[in-house]
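Structure data follow from my_file25.txt (compact mmCIF, C-alpha atoms):
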```txt
# COMPACT_ATOMS: atom_id res chain seq x y z
CA MET A 195 -42.51 139.42 -32.39
CA SER A 196 -45.83 140.70 -33.74
CA LEU A 197 -46.44 141.46 -37.42
CA MET A 198 -46.78 145.15 -36.53
CA SER A 199 -43.36 145.11 -34.85
CA VAL A 200 -41.81 143.44 -37.87
CA VAL A 201 -43.23 146.11 -40.21
CA VAL A 202 -42.02 148.98 -38.01
CA LEU A 203 -38.57 147.37 -37.72
CA ALA A 204 -38.39 146.91 -41.49
CA CYS A 205 -39.28 150.58 -42.06
CA ALA A 206 -36.64 151.66 -39.55
CA LEU A 207 -34.00 149.58 -41.36
CA CYS A 208 -35.03 151.20 -44.68
CA ALA A 209 -33.87 154.54 -43.23
CA ALA A 210 -30.37 153.22 -42.48
CA THR A 211 -29.02 154.09 -45.95
CA ALA A 212 -28.67 157.64 -47.17
CA ASN A 213 -29.91 158.70 -50.59
CA GLU A 214 -27.45 160.28 -52.99
CA VAL A 215 -28.76 162.91 -55.39
CA VAL A 216 -26.18 162.96 -58.19
CA LEU A 217 -25.54 166.31 -59.88
CA LEU A 218 -22.51 165.36 -62.00
CA GLU A 219 -21.33 161.91 -63.06
CA THR A 220 -18.56 161.73 -65.65
CA THR A 221 -18.81 157.96 -66.16
CA THR A 222 -22.14 158.40 -67.93
CA SER A 223 -20.96 161.17 -70.28
CA SER A 224 -19.84 160.60 -73.86
CA THR A 225 -17.78 163.80 -73.79
CA LEU A 226 -16.78 166.28 -71.10
CA GLY A 227 -15.36 169.44 -72.66
CA TRP A 228 -14.32 171.06 -69.38
CA THR A 229 -12.45 174.35 -69.35
CA ARG A 230 -8.64 174.01 -69.28
CA TYR A 231 -5.91 176.54 -68.62
CA ASN A 232 -2.16 176.27 -69.15
CA PRO A 233 -0.24 179.56 -69.31
CA HIS A 234 2.79 177.82 -70.86
CA ALA A 235 0.93 176.29 -73.80
CA SER A 236 1.91 177.76 -77.16
CA VAL A 237 -0.30 178.09 -80.20
CA ASP A 238 1.23 175.09 -81.98
CA ASP A 239 1.59 172.84 -78.93
CA THR A 240 -1.67 171.29 -77.81
CA THR A 241 -0.18 168.42 -75.84
CA GLN A 242 0.50 170.34 -72.64
CA GLY A 243 -1.86 170.58 -69.73
CA TRP A 244 -4.97 168.52 -69.07
CA LEU A 245 -6.09 166.38 -72.01
CA GLU A 246 -9.40 164.61 -72.38
CA GLU A 247 -9.25 160.96 -73.38
CA SER A 248 -11.06 157.63 -72.92
CA TYR A 249 -10.35 155.16 -70.14
CA PRO A 250 -11.43 151.70 -71.35
CA HIS A 251 -11.64 148.98 -68.69
CA TYR A 252 -13.74 146.07 -67.50
CA ASP A 253 -16.40 146.72 -64.88
CA ALA A 254 -17.43 144.46 -62.00
CA SER A 255 -19.60 142.41 -64.39
CA SER A 256 -16.67 141.89 -66.81
CA ASN A 257 -18.22 144.23 -69.37
CA LEU A 258 -15.91 146.47 -71.34
CA VAL A 259 -16.77 150.12 -70.59
CA SER A 260 -15.15 153.41 -71.46
CA TRP A 261 -15.09 156.48 -69.26
CA ARG A 262 -14.18 159.96 -70.42
CA SER A 263 -11.26 161.13 -68.32
CA TYR A 264 -8.53 163.77 -68.10
CA VAL A 265 -4.79 163.16 -67.96
CA VAL A 266 -1.82 165.41 -67.34
CA CYS A 267 1.88 164.64 -67.09
CA ASP A 268 3.99 167.77 -67.63
CA VAL A 269 6.87 166.62 -65.44
CA ASN A 270 9.41 167.88 -67.98
CA GLN A 271 8.15 171.43 -67.66
CA ALA A 272 9.29 173.94 -65.06
CA GLN A 273 6.76 175.91 -62.98
CA VAL A 274 3.82 173.75 -63.95
CA ASN A 275 0.46 175.54 -63.57
CA ASN A 276 -2.28 173.41 -65.15
CA TRP A 277 -5.93 174.08 -64.32
CA LEU A 278 -9.09 172.12 -65.09
CA ARG A 279 -12.60 173.35 -64.22
CA THR A 280 -15.98 171.61 -64.23
CA PRO A 281 -19.09 173.21 -65.71
CA PHE A 282 -21.38 175.15 -63.36
CA ILE A 283 -23.12 172.68 -61.06
CA GLU A 284 -26.44 173.81 -59.60
CA GLY A 285 -26.87 172.66 -56.01
CA GLY A 286 -30.65 172.35 -56.00
CA GLN A 287 -31.81 171.74 -52.43
CA ALA A 288 -28.31 170.85 -51.25
CA GLU A 289 -26.69 172.55 -48.28
CA ARG A 290 -23.55 170.38 -48.50
CA LEU A 291 -22.03 168.91 -51.65
CA TYR A 292 -19.81 165.84 -51.89
CA ILE A 293 -17.24 165.26 -54.59
CA GLU A 294 -15.83 161.80 -55.26
CA VAL A 295 -12.67 161.64 -57.35
CA LYS A 296 -11.18 158.44 -58.77
CA PHE A 297 -7.66 158.85 -60.10
CA SER A 298 -4.33 157.15 -60.67
CA MET A 299 -0.93 158.78 -60.15
CA ARG A 300 2.55 157.82 -61.28
CA ASP A 301 5.32 157.41 -58.73
CA CYS A 302 7.92 160.17 -59.15
CA THR A 303 10.82 157.88 -58.19
CA HIS A 304 10.44 156.03 -61.48
CA PHE A 305 10.93 159.09 -63.68
CA PRO A 306 14.37 159.84 -65.14
CA ALA A 307 16.50 162.19 -63.10
CA THR A 308 16.29 164.70 -65.93
CA VAL A 309 12.67 165.64 -65.25
CA ARG A 310 12.33 169.25 -64.15
CA SER A 311 9.20 168.91 -62.00
CA CYS A 312 7.40 166.00 -60.40
CA LYS A 313 4.78 166.15 -57.69
CA GLU A 314 2.63 163.45 -56.12
CA THR A 315 -0.31 165.65 -55.17
CA PHE A 316 -2.84 167.96 -56.81
CA SER A 317 -5.17 170.63 -55.41
CA LEU A 318 -8.96 170.43 -55.34
CA LEU A 319 -10.71 173.81 -55.15
CA TYR A 320 -14.15 175.34 -55.66
CA PHE A 321 -15.86 178.62 -56.49
CA GLU A 322 -19.45 179.44 -55.49
CA SER A 323 -21.73 181.63 -57.60
CA GLU A 324 -25.35 182.63 -57.94
CA PHE A 325 -25.20 182.18 -61.73
CA ASP A 326 -23.12 180.60 -64.47
CA PHE A 327 -20.73 183.28 -65.66
CA ALA A 328 -17.45 181.44 -66.24
CA ASN A 329 -15.40 181.72 -69.42
CA GLU A 330 -11.80 180.99 -70.37
CA ALA A 331 -10.55 183.86 -68.20
CA MET A 332 -13.05 184.02 -65.35
CA PRO A 333 -12.96 183.14 -62.54
CA THR A 334 -9.29 184.03 -62.65
CA TRP A 335 -6.91 181.09 -62.58
CA ASN A 336 -5.24 181.41 -59.21
CA SER A 337 -5.59 179.89 -55.76
CA ARG A 338 -6.71 183.21 -54.25
CA THR A 339 -9.85 183.31 -56.40
CA TYR A 340 -10.90 179.78 -55.53
CA SER A 341 -11.41 178.24 -52.11
CA MET A 342 -9.14 175.34 -51.29
CA ILE A 343 -10.84 172.06 -50.39
CA ASP A 344 -7.76 169.90 -49.97
CA ARG A 345 -4.44 168.90 -51.41
CA ILE A 346 -5.05 165.37 -52.66
CA ALA A 347 -2.45 162.62 -52.44
CA ALA A 348 -2.54 159.04 -53.72
CA ASP A 349 -3.17 157.41 -50.35
CA GLU A 350 -4.00 154.03 -51.89
CA GLY A 351 -0.82 153.90 -53.92
CA ARG A 352 0.95 155.14 -57.04
CA PHE A 353 1.90 153.12 -60.12
CA SER A 354 5.33 152.73 -61.68
CA ASP A 355 4.55 150.39 -64.57
CA ASN A 356 2.63 151.61 -67.62
CA ASN A 357 0.63 148.37 -67.58
CA GLU A 358 -0.36 148.87 -63.97
CA VAL A 359 -3.34 150.89 -62.72
CA VAL A 360 -3.73 151.76 -59.04
CA ILE A 361 -7.06 153.55 -58.61
CA ASN A 362 -7.36 155.95 -55.70
CA THR A 363 -10.76 157.15 -54.48
CA GLU A 364 -11.04 160.33 -52.44
CA VAL A 365 -14.25 161.97 -51.18
CA ARG A 366 -14.46 165.52 -49.87
CA SER A 367 -17.41 167.76 -49.01
CA ILE A 368 -18.15 171.48 -48.85
CA PRO A 369 -21.01 173.60 -47.47
CA ILE A 370 -22.74 175.70 -50.12
CA SER A 371 -24.87 178.79 -49.69
CA LYS A 372 -25.24 179.97 -53.29
CA ARG A 373 -27.06 178.62 -56.31
CA GLY A 374 -24.17 176.59 -57.64
CA VAL A 375 -20.47 175.85 -57.73
CA TYR A 376 -17.49 175.21 -60.00
CA PHE A 377 -14.88 172.65 -58.96
CA ALA A 378 -11.28 173.07 -60.11
CA PHE A 379 -8.27 170.75 -60.25
CA HIS A 380 -4.85 172.39 -60.04
CA ASP A 381 -1.80 170.43 -61.16
CA GLU A 382 1.71 171.66 -60.36
CA GLY A 383 3.73 168.84 -61.85
CA ALA A 384 2.11 165.48 -61.14
CA CYS A 385 1.44 162.67 -63.59
CA ILE A 386 -2.28 162.04 -63.07
CA SER A 387 -5.17 160.29 -64.75
CA LEU A 388 -8.41 161.78 -63.49
CA LEU A 389 -10.62 158.76 -64.16
CA SER A 390 -14.02 159.84 -62.83
CA VAL A 391 -15.68 162.64 -60.89
CA LYS A 392 -19.04 162.44 -59.16
CA VAL A 393 -20.73 165.37 -57.40
CA TYR A 394 -23.75 164.70 -55.23
CA TYR A 395 -25.53 165.57 -52.03
CA LYS A 396 -26.99 163.31 -49.38
CA THR A 397 -30.55 163.16 -48.15
CA CYS A 398 -32.34 161.25 -45.45
CA PRO A 399 -34.85 159.20 -47.48
CA ASN A 400 -38.58 159.72 -47.09
CA ILE A 401 -40.06 157.35 -44.55
CA THR A 402 -43.35 156.64 -42.80
CA ILE A 403 -42.97 155.52 -39.21
CA ASN A 404 -45.17 155.83 -36.11
CA HIS A 405 -47.94 156.68 -38.61
CA ALA A 406 -46.15 159.91 -39.56
CA PHE A 407 -44.62 160.70 -42.94
CA PHE A 408 -41.19 162.37 -43.03
CA PRO A 409 -40.21 163.74 -46.48
CA GLU A 410 -36.84 163.29 -48.13
CA THR A 411 -34.60 165.80 -46.37
CA PRO A 412 -31.19 167.14 -47.55
CA THR A 413 -28.54 166.96 -44.85
CA ALA A 414 -27.52 170.14 -43.05
CA GLY A 415 -24.60 172.01 -44.56
CA ARG A 416 -22.73 173.69 -41.73
CA ASP A 417 -20.52 170.64 -41.13
CA ILE A 418 -20.72 166.87 -41.53
CA SER A 419 -21.84 166.40 -37.91
CA SER A 420 -24.76 168.85 -38.27
CA ILE A 421 -28.30 167.59 -37.75
CA LYS A 422 -31.62 168.86 -39.05
CA GLN A 423 -34.92 168.40 -37.24
CA THR A 424 -37.80 167.42 -39.49
CA PHE A 425 -41.47 167.40 -38.51
CA GLY A 426 -43.63 164.51 -39.61
CA GLN A 427 -47.09 164.75 -41.15
CA CYS A 428 -49.72 162.36 -39.86
CA VAL A 429 -50.90 159.80 -42.40
CA PRO A 430 -54.53 160.14 -43.55
CA ASN A 431 -57.16 159.29 -40.91
CA SER A 432 -54.78 159.87 -38.02
CA VAL A 433 -54.08 162.66 -35.53
CA GLN A 434 -51.06 163.67 -33.48
CA SER A 435 -50.65 162.21 -30.04
CA VAL A 436 -47.25 163.90 -29.60
CA THR A 437 -45.74 166.04 -32.37
CA PRO A 438 -43.63 163.63 -34.49
CA THR A 439 -40.04 164.72 -35.14
CA TYR A 440 -37.01 162.98 -36.60
CA LEU A 441 -33.39 164.14 -36.82
CA CYS A 442 -31.67 163.94 -40.21
CA THR A 443 -27.96 163.39 -39.47
CA GLY A 444 -25.07 164.62 -41.60
CA GLY A 445 -24.59 161.10 -42.94
CA GLY A 446 -28.12 161.01 -44.36
CA VAL A 447 -29.51 158.66 -41.72
CA TRP A 448 -32.55 159.33 -39.53
CA ASP A 449 -32.03 159.29 -35.76
CA LEU A 450 -33.88 160.01 -32.50
CA LEU A 451 -37.50 159.55 -33.49
CA ARG A 452 -39.93 161.30 -31.16
CA GLY A 453 -43.73 161.56 -31.07
CA SER A 454 -46.33 159.71 -33.10
CA CYS A 455 -49.78 159.82 -34.68
CA GLU A 456 -52.76 157.63 -33.85
CA CYS A 457 -55.59 156.34 -36.00
CA VAL A 458 -58.90 158.13 -35.49
CA ALA A 459 -62.07 156.28 -34.43
CA GLY A 460 -63.40 154.01 -37.16
CA HIS A 461 -59.90 153.30 -38.47
CA GLN A 462 -57.28 150.76 -37.47
CA ALA A 463 -53.51 150.59 -37.85
CA ILE A 464 -52.46 148.37 -40.75
CA GLY A 465 -48.73 148.66 -41.12
CA GLN A 466 -48.02 152.40 -41.21
CA GLN A 467 -51.47 153.36 -42.55
CA CYS A 468 -54.85 153.90 -40.90
CA GLU A 469 -57.51 151.94 -42.77
CA ALA A 470 -61.27 152.05 -42.33
CA CYS A 471 -62.83 149.31 -40.24
CA PRO A 472 -64.49 146.68 -42.47
CA LYS A 473 -68.24 146.17 -42.41
CA GLY A 474 -69.30 144.22 -39.35
CA THR A 475 -66.58 145.79 -37.20
CA TYR A 476 -66.08 149.09 -35.38
CA LYS A 477 -63.54 151.13 -33.40
CA SER A 478 -64.92 153.71 -31.01
CA GLN A 479 -61.79 155.57 -29.92
CA THR A 480 -58.65 157.17 -31.31
CA GLY A 481 -55.64 154.87 -31.00
CA ASN A 482 -53.65 152.29 -32.90
CA GLY A 483 -55.69 149.31 -31.78
CA HIS A 484 -57.60 147.03 -34.14
CA CYS A 485 -61.28 147.10 -35.07
CA ASP A 486 -63.54 144.80 -33.03
CA PHE A 487 -66.45 142.71 -34.23
CA CYS A 488 -69.85 144.21 -33.50
CA PRO A 489 -71.38 143.24 -30.12
CA LYS A 490 -74.24 140.75 -30.07
CA HIS A 491 -77.47 141.89 -31.76
CA SER A 492 -75.79 144.81 -33.57
CA SER A 493 -74.08 145.44 -36.90
CA SER A 494 -72.22 148.02 -38.97
CA LYS A 495 -73.28 148.29 -42.57
CA ARG A 496 -70.64 150.74 -43.72
CA MET A 497 -66.87 150.87 -43.54
CA GLY A 498 -65.21 153.15 -40.99
CA SER A 499 -67.87 152.72 -38.29
CA GLU A 500 -67.22 154.16 -34.84
CA GLU A 501 -70.02 152.06 -33.34
CA CYS A 502 -72.45 149.33 -34.34
CA GLU A 503 -76.18 149.96 -34.63
CA CYS A 504 -78.56 147.71 -32.76
CA ASP A 505 -80.66 145.29 -34.79
CA ASP A 506 -84.39 145.93 -35.11
CA GLY A 507 -86.10 145.34 -31.76
CA PHE A 508 -82.84 145.66 -29.78
CA PHE A 509 -81.62 148.69 -27.91
CA ARG A 510 -78.62 150.29 -26.20
CA SER A 511 -79.00 153.33 -23.94
CA ALA A 512 -76.65 156.29 -23.71
CA ALA A 513 -75.37 154.84 -20.44
CA ASP A 514 -74.31 151.62 -22.15
CA SER A 515 -70.83 151.22 -23.57
CA LYS A 516 -70.48 150.92 -27.32
CA SER A 517 -68.96 147.53 -26.64
CA ASP A 518 -72.08 146.29 -24.80
CA ALA A 519 -74.43 143.92 -26.52
CA CYS A 520 -77.83 145.26 -27.54
CA THR A 521 -80.82 143.88 -25.63
CA ARG A 522 -84.59 143.69 -26.10
CA ASN A 523 -84.96 146.40 -23.49
CA SER A 524 -82.48 149.21 -23.06
CA THR A 525 -80.72 149.67 -19.76
CA PHE A 526 -83.04 152.59 -19.13
CA ASN A 527 -86.18 150.48 -19.70
CA ARG A 528 -84.82 147.69 -17.51
CA PHE A 529 -84.28 150.21 -14.74
CA LEU A 530 -87.94 151.33 -15.00
CA LEU A 531 -89.16 147.77 -14.80
CA ILE A 532 -87.37 147.03 -11.53
```
Take the structure in the file and write it out as structure tokens.
Amino acid sequence: MSLMSVVVLACALCAATANEVVLLETTTSSTLGWTRYNPHASVDDTTQGWLEESYPHYDASSNLVSWRSYVVCDVNQAQVNNWLRTPFIEGGQAERLYIEVKFSMRDCTHFPATVRSCKETFSLLYFESEFDFANEAMPTWNSRTYSMIDRIAADEGRFSDNNEVVINTEVRSIPISKRGVYFAFHDEGACISLLSVKVYYKTCPNITINHAFFPETPTAGRDISSIKQTFGQCVPNSVQSVTPTYLCTGGGVWDLLRGSCECVAGHQAIGQQCEACPKGTYKSQTGNGHCDFCPKHSSSKRMGSEECECDDGFFRSAADSKSDACTRNSTFNRFLLI
């Protein structure tokens, strides 16, 4: 395999992983202060509903870390109606947002039979807006105001021992068409620890391939399988041979590359760039070939030469190829002498 092929293959592999542009990440926050709502809470009882607390644990490197989290466990209360809402999250260039939720949930079978309400799911909802207007009353706290994303269950397991933690990870996505969004968590009687929340969108990373640059491109928002065609821009000192296009898939991976750019005369392909021919070399045509050494009795004294000039006393006629050696007499003069 040639060096050029290796470089192109390496660039193609770079595009295999989507970029994530993170808009909200609770694990990096020292405090959250999200808006909570519990219609049953009384003035002197602040223990009901969602409560913010720390979740200390050891990370993958055995370092002790602490995440800010929310917990709720109102299983002794009838008609539970606990709400928790994120701040306004601006979508930026996103057309589709992803939300990753890590949580643990207690198994209802291990509660005493006296509990009045116990569920093993919670609802994830959202509300789109062109501006941040929310307060403690608005948007109104009901499922008709918000759009349902999904009813989330603990698919990876529930815990029954207080010393046990079973962490579930669920990822959902929504298309967005307005400036930003609020996400809401609706509890109706589960015992949940909401350990972390991350909101992000995916992009196909910027890449240069076939001597065309494709910018970082947010994935299309209509649905996860949507694709977005992106047009490439030729790198400096190159021109289009066929219009370069690349498809950004819903997963943030480039696919179906078409078209390319070619280096102009006087420039050669080095990796994914077009660099000027060194002194003593030339390249007479557009294409991705390499520069050649000057023909006999000629030279190029500047970089980026499209042809080599004959040495003093040597000539090349217009009928001669730029790759022909220079001679004492031009082809034209030789013809006259015959």
Practice task
May I ask for the distance between CA of Phe407 (chain A) and CA of Ala463 (chain A), given in Å to one decimal place?
Solution key: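 Atom-to-atom, CA of Phe407 (chain A) and CA of Ala463 (chain A) are spaced 14.4 Å apart.
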Problem - Polymer residues at most 10 Å from (-1.6, 172.8, -64.6) by only C-alpha atoms, as a PyMOL selection string - result: chain A and resi 230-234+242-244+266-268+273-278+316+379-384
Practice task
For CA of Cys442 (chain A) and CA of Glu324 (chain A), quote the distance in Å rounded to one decimal.
Solution key: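 Calculated distance between CA of Cys442 (chain A) and CA of Glu324 (chain A) is 26.5 Å.
You will find CA of Leu388 (chain A) at 16.8 Å from CA of Tyr292 (chain A).
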Exercise for the section: Please identify all polymer residues within 6 Å of region 372-374 of chain A, counting all atoms listed in the file, omitting same-chain residues fewer than 4 positions from it, and present them as a PyMOL selection string. Expected result: chain A and resi 283-285+322-324
Problem - Residue neighbourhood His484 (chain A), 9 Å, all atoms listed in the file, exclusion window fewer than 5 positions, as an MDAnalysis selection string - result: chainID A and resid 461:464 471 476:477
Handout entry: Which residue of A:Met332, A:Ile343, A:Leu441, A:Asn482 approaches Asn404 (chain A) most closely, using all atoms listed in the file
Key =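 Closest candidate: A:Asn482.
Nearest residue to Gly465 (chain A) among A:Ile370, A:Ala406, A:Leu450, A:Leu258 is A:Ala406, counting only C-alpha atoms.
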Handout entry: Counting all atoms listed in the file, the residue of A:Val391, A:Ala212, A:Leu291, A:Ala378 that sits nearest Thr363 (chain A)
Key =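 The closest residue to Thr363 (chain A) is A:Val391.
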With all heavy atoms as the target, complete region 286-297 of chain A and hand it back as an mmCIF file, in the frame of the given file.
```cif
data_model
loop_
_atom_site.group_PDB
_atom_site.id
_atom_site.type_symbol
_atom_site.label_atom_id
_atom_site.label_comp_id
_atom_site.auth_asym_id
_atom_site.auth_seq_id
_atom_site.Cartn_x
_atom_site.Cartn_y
_atom_site.Cartn_z
ATOM 1 N N GLY A 286 -29.279 172.760 -56.320
ATOM 2 C CA GLY A 286 -30.650 172.350 -56.000
ATOM 3 C C GLY A 286 -30.969 172.611 -54.537
ATOM 4 O O GLY A 286 -30.765 173.711 -54.032
ATOM 5 N N GLN A 287 -31.458 171.594 -53.836
ATOM 6 C CA GLN A 287 -31.810 171.740 -52.430
ATOM 7 C C GLN A 287 -30.625 171.502 -51.497
ATOM 8 O O GLN A 287 -30.767 171.568 -50.279
ATOM 9 C CB GLN A 287 -32.925 170.756 -52.071
ATOM 10 C CG GLN A 287 -34.204 170.941 -52.854
ATOM 11 C CD GLN A 287 -35.266 169.943 -52.442
ATOM 12 O OE1 GLN A 287 -35.323 169.481 -51.304
ATOM 13 N NE2 GLN A 287 -36.126 169.593 -53.367
ATOM 14 N N ALA A 288 -29.459 171.238 -52.065
ATOM 15 C CA ALA A 288 -28.310 170.850 -51.250
ATOM 16 C C ALA A 288 -27.820 171.987 -50.359
ATOM 17 O O ALA A 288 -27.834 173.154 -50.754
ATOM 18 C CB ALA A 288 -27.178 170.379 -52.134
ATOM 19 N N GLU A 289 -27.391 171.630 -49.179
ATOM 20 C CA GLU A 289 -26.690 172.550 -48.280
ATOM 21 C C GLU A 289 -25.222 172.137 -48.145
ATOM 22 O O GLU A 289 -24.388 172.913 -47.716
ATOM 23 C CB GLU A 289 -27.357 172.562 -46.904
ATOM 24 C CG GLU A 289 -28.784 173.084 -46.932
ATOM 25 C CD GLU A 289 -29.431 173.062 -45.565
ATOM 26 O OE1 GLU A 289 -28.691 173.074 -44.547
ATOM 27 O OE2 GLU A 289 -30.674 173.034 -45.490
ATOM 28 N N ARG A 290 -24.927 170.890 -48.494
ATOM 29 C CA ARG A 290 -23.550 170.380 -48.500
ATOM 30 C C ARG A 290 -23.381 169.483 -49.711
ATOM 31 O O ARG A 290 -24.189 168.592 -49.942
ATOM 32 C CB ARG A 290 -23.233 169.630 -47.208
ATOM 33 C CG ARG A 290 -21.876 168.922 -47.196
ATOM 34 C CD ARG A 290 -21.485 168.455 -45.822
ATOM 35 N NE ARG A 290 -21.133 169.582 -44.977
ATOM 36 C CZ ARG A 290 -19.905 170.104 -44.879
ATOM 37 N NH1 ARG A 290 -18.912 169.584 -45.570
ATOM 38 N NH2 ARG A 290 -19.668 171.132 -44.109
ATOM 39 N N LEU A 291 -22.332 169.720 -50.482
ATOM 40 C CA LEU A 291 -22.030 168.910 -51.650
ATOM 41 C C LEU A 291 -20.839 168.001 -51.372
ATOM 42 O O LEU A 291 -19.893 168.385 -50.684
ATOM 43 C CB LEU A 291 -21.688 169.795 -52.857
ATOM 44 C CG LEU A 291 -22.826 170.577 -53.515
ATOM 45 C CD1 LEU A 291 -22.298 171.312 -54.737
ATOM 46 C CD2 LEU A 291 -23.980 169.666 -53.896
ATOM 47 N N TYR A 292 -20.908 166.801 -51.949
ATOM 48 C CA TYR A 292 -19.810 165.840 -51.890
ATOM 49 C C TYR A 292 -19.219 165.690 -53.279
ATOM 50 O O TYR A 292 -19.948 165.717 -54.276
ATOM 51 C CB TYR A 292 -20.303 164.481 -51.389
ATOM 52 C CG TYR A 292 -20.718 164.478 -49.929
ATOM 53 C CD1 TYR A 292 -21.940 165.006 -49.533
ATOM 54 C CD2 TYR A 292 -19.871 163.957 -48.959
ATOM 55 C CE1 TYR A 292 -22.316 165.017 -48.194
ATOM 56 C CE2 TYR A 292 -20.244 163.955 -47.616
ATOM 57 C CZ TYR A 292 -21.464 164.485 -47.244
ATOM 58 O OH TYR A 292 -21.827 164.493 -45.920
ATOM 59 N N ILE A 293 -17.907 165.526 -53.327
ATOM 60 C CA ILE A 293 -17.240 165.260 -54.590
ATOM 61 C C ILE A 293 -16.362 164.022 -54.416
ATOM 62 O O ILE A 293 -15.530 163.972 -53.507
ATOM 63 C CB ILE A 293 -16.433 166.468 -55.102
ATOM 64 C CG1 ILE A 293 -15.723 166.113 -56.416
ATOM 65 C CG2 ILE A 293 -15.471 167.012 -54.058
ATOM 66 C CD1 ILE A 293 -15.120 167.309 -57.140
ATOM 67 N N GLU A 294 -16.609 163.035 -55.265
ATOM 68 C CA GLU A 294 -15.830 161.800 -55.260
ATOM 69 C C GLU A 294 -14.935 161.790 -56.483
ATOM 70 O O GLU A 294 -15.414 161.930 -57.612
ATOM 71 C CB GLU A 294 -16.756 160.583 -55.273
ATOM 72 C CG GLU A 294 -16.010 159.251 -55.348
ATOM 73 C CD GLU A 294 -16.963 158.094 -55.614
ATOM 74 O OE1 GLU A 294 -17.551 157.579 -54.644
ATOM 75 O OE2 GLU A 294 -17.110 157.720 -56.811
ATOM 76 N N VAL A 295 -13.646 161.624 -56.266
ATOM 77 C CA VAL A 295 -12.670 161.640 -57.350
ATOM 78 C C VAL A 295 -11.947 160.302 -57.381
ATOM 79 O O VAL A 295 -11.387 159.861 -56.367
ATOM 80 C CB VAL A 295 -11.655 162.777 -57.150
ATOM 81 C CG1 VAL A 295 -10.659 162.809 -58.312
ATOM 82 C CG2 VAL A 295 -12.360 164.119 -57.018
ATOM 83 N N LYS A 296 -11.972 159.648 -58.540
ATOM 84 C CA LYS A 296 -11.180 158.440 -58.770
ATOM 85 C C LYS A 296 -10.033 158.811 -59.702
ATOM 86 O O LYS A 296 -10.257 159.400 -60.765
ATOM 87 C CB LYS A 296 -12.026 157.320 -59.389
ATOM 88 C CG LYS A 296 -13.101 156.757 -58.446
ATOM 89 C CD LYS A 296 -13.852 155.606 -59.106
ATOM 90 C CE LYS A 296 -14.960 155.073 -58.222
ATOM 91 N NZ LYS A 296 -14.458 154.434 -56.997
ATOM 92 N N PHE A 297 -8.816 158.451 -59.300
ATOM 93 C CA PHE A 297 -7.660 158.850 -60.100
ATOM 94 C C PHE A 297 -6.519 157.860 -59.899
ATOM 95 O O PHE A 297 -6.492 157.081 -58.939
ATOM 96 C CB PHE A 297 -7.205 160.261 -59.712
ATOM 97 C CG PHE A 297 -6.658 160.373 -58.309
ATOM 98 C CD1 PHE A 297 -5.287 160.308 -58.061
ATOM 99 C CD2 PHE A 297 -7.509 160.515 -57.231
ATOM 100 C CE1 PHE A 297 -4.783 160.402 -56.781
ATOM 101 C CE2 PHE A 297 -7.017 160.618 -55.932
ATOM 102 C CZ PHE A 297 -5.643 160.555 -55.705
#
```
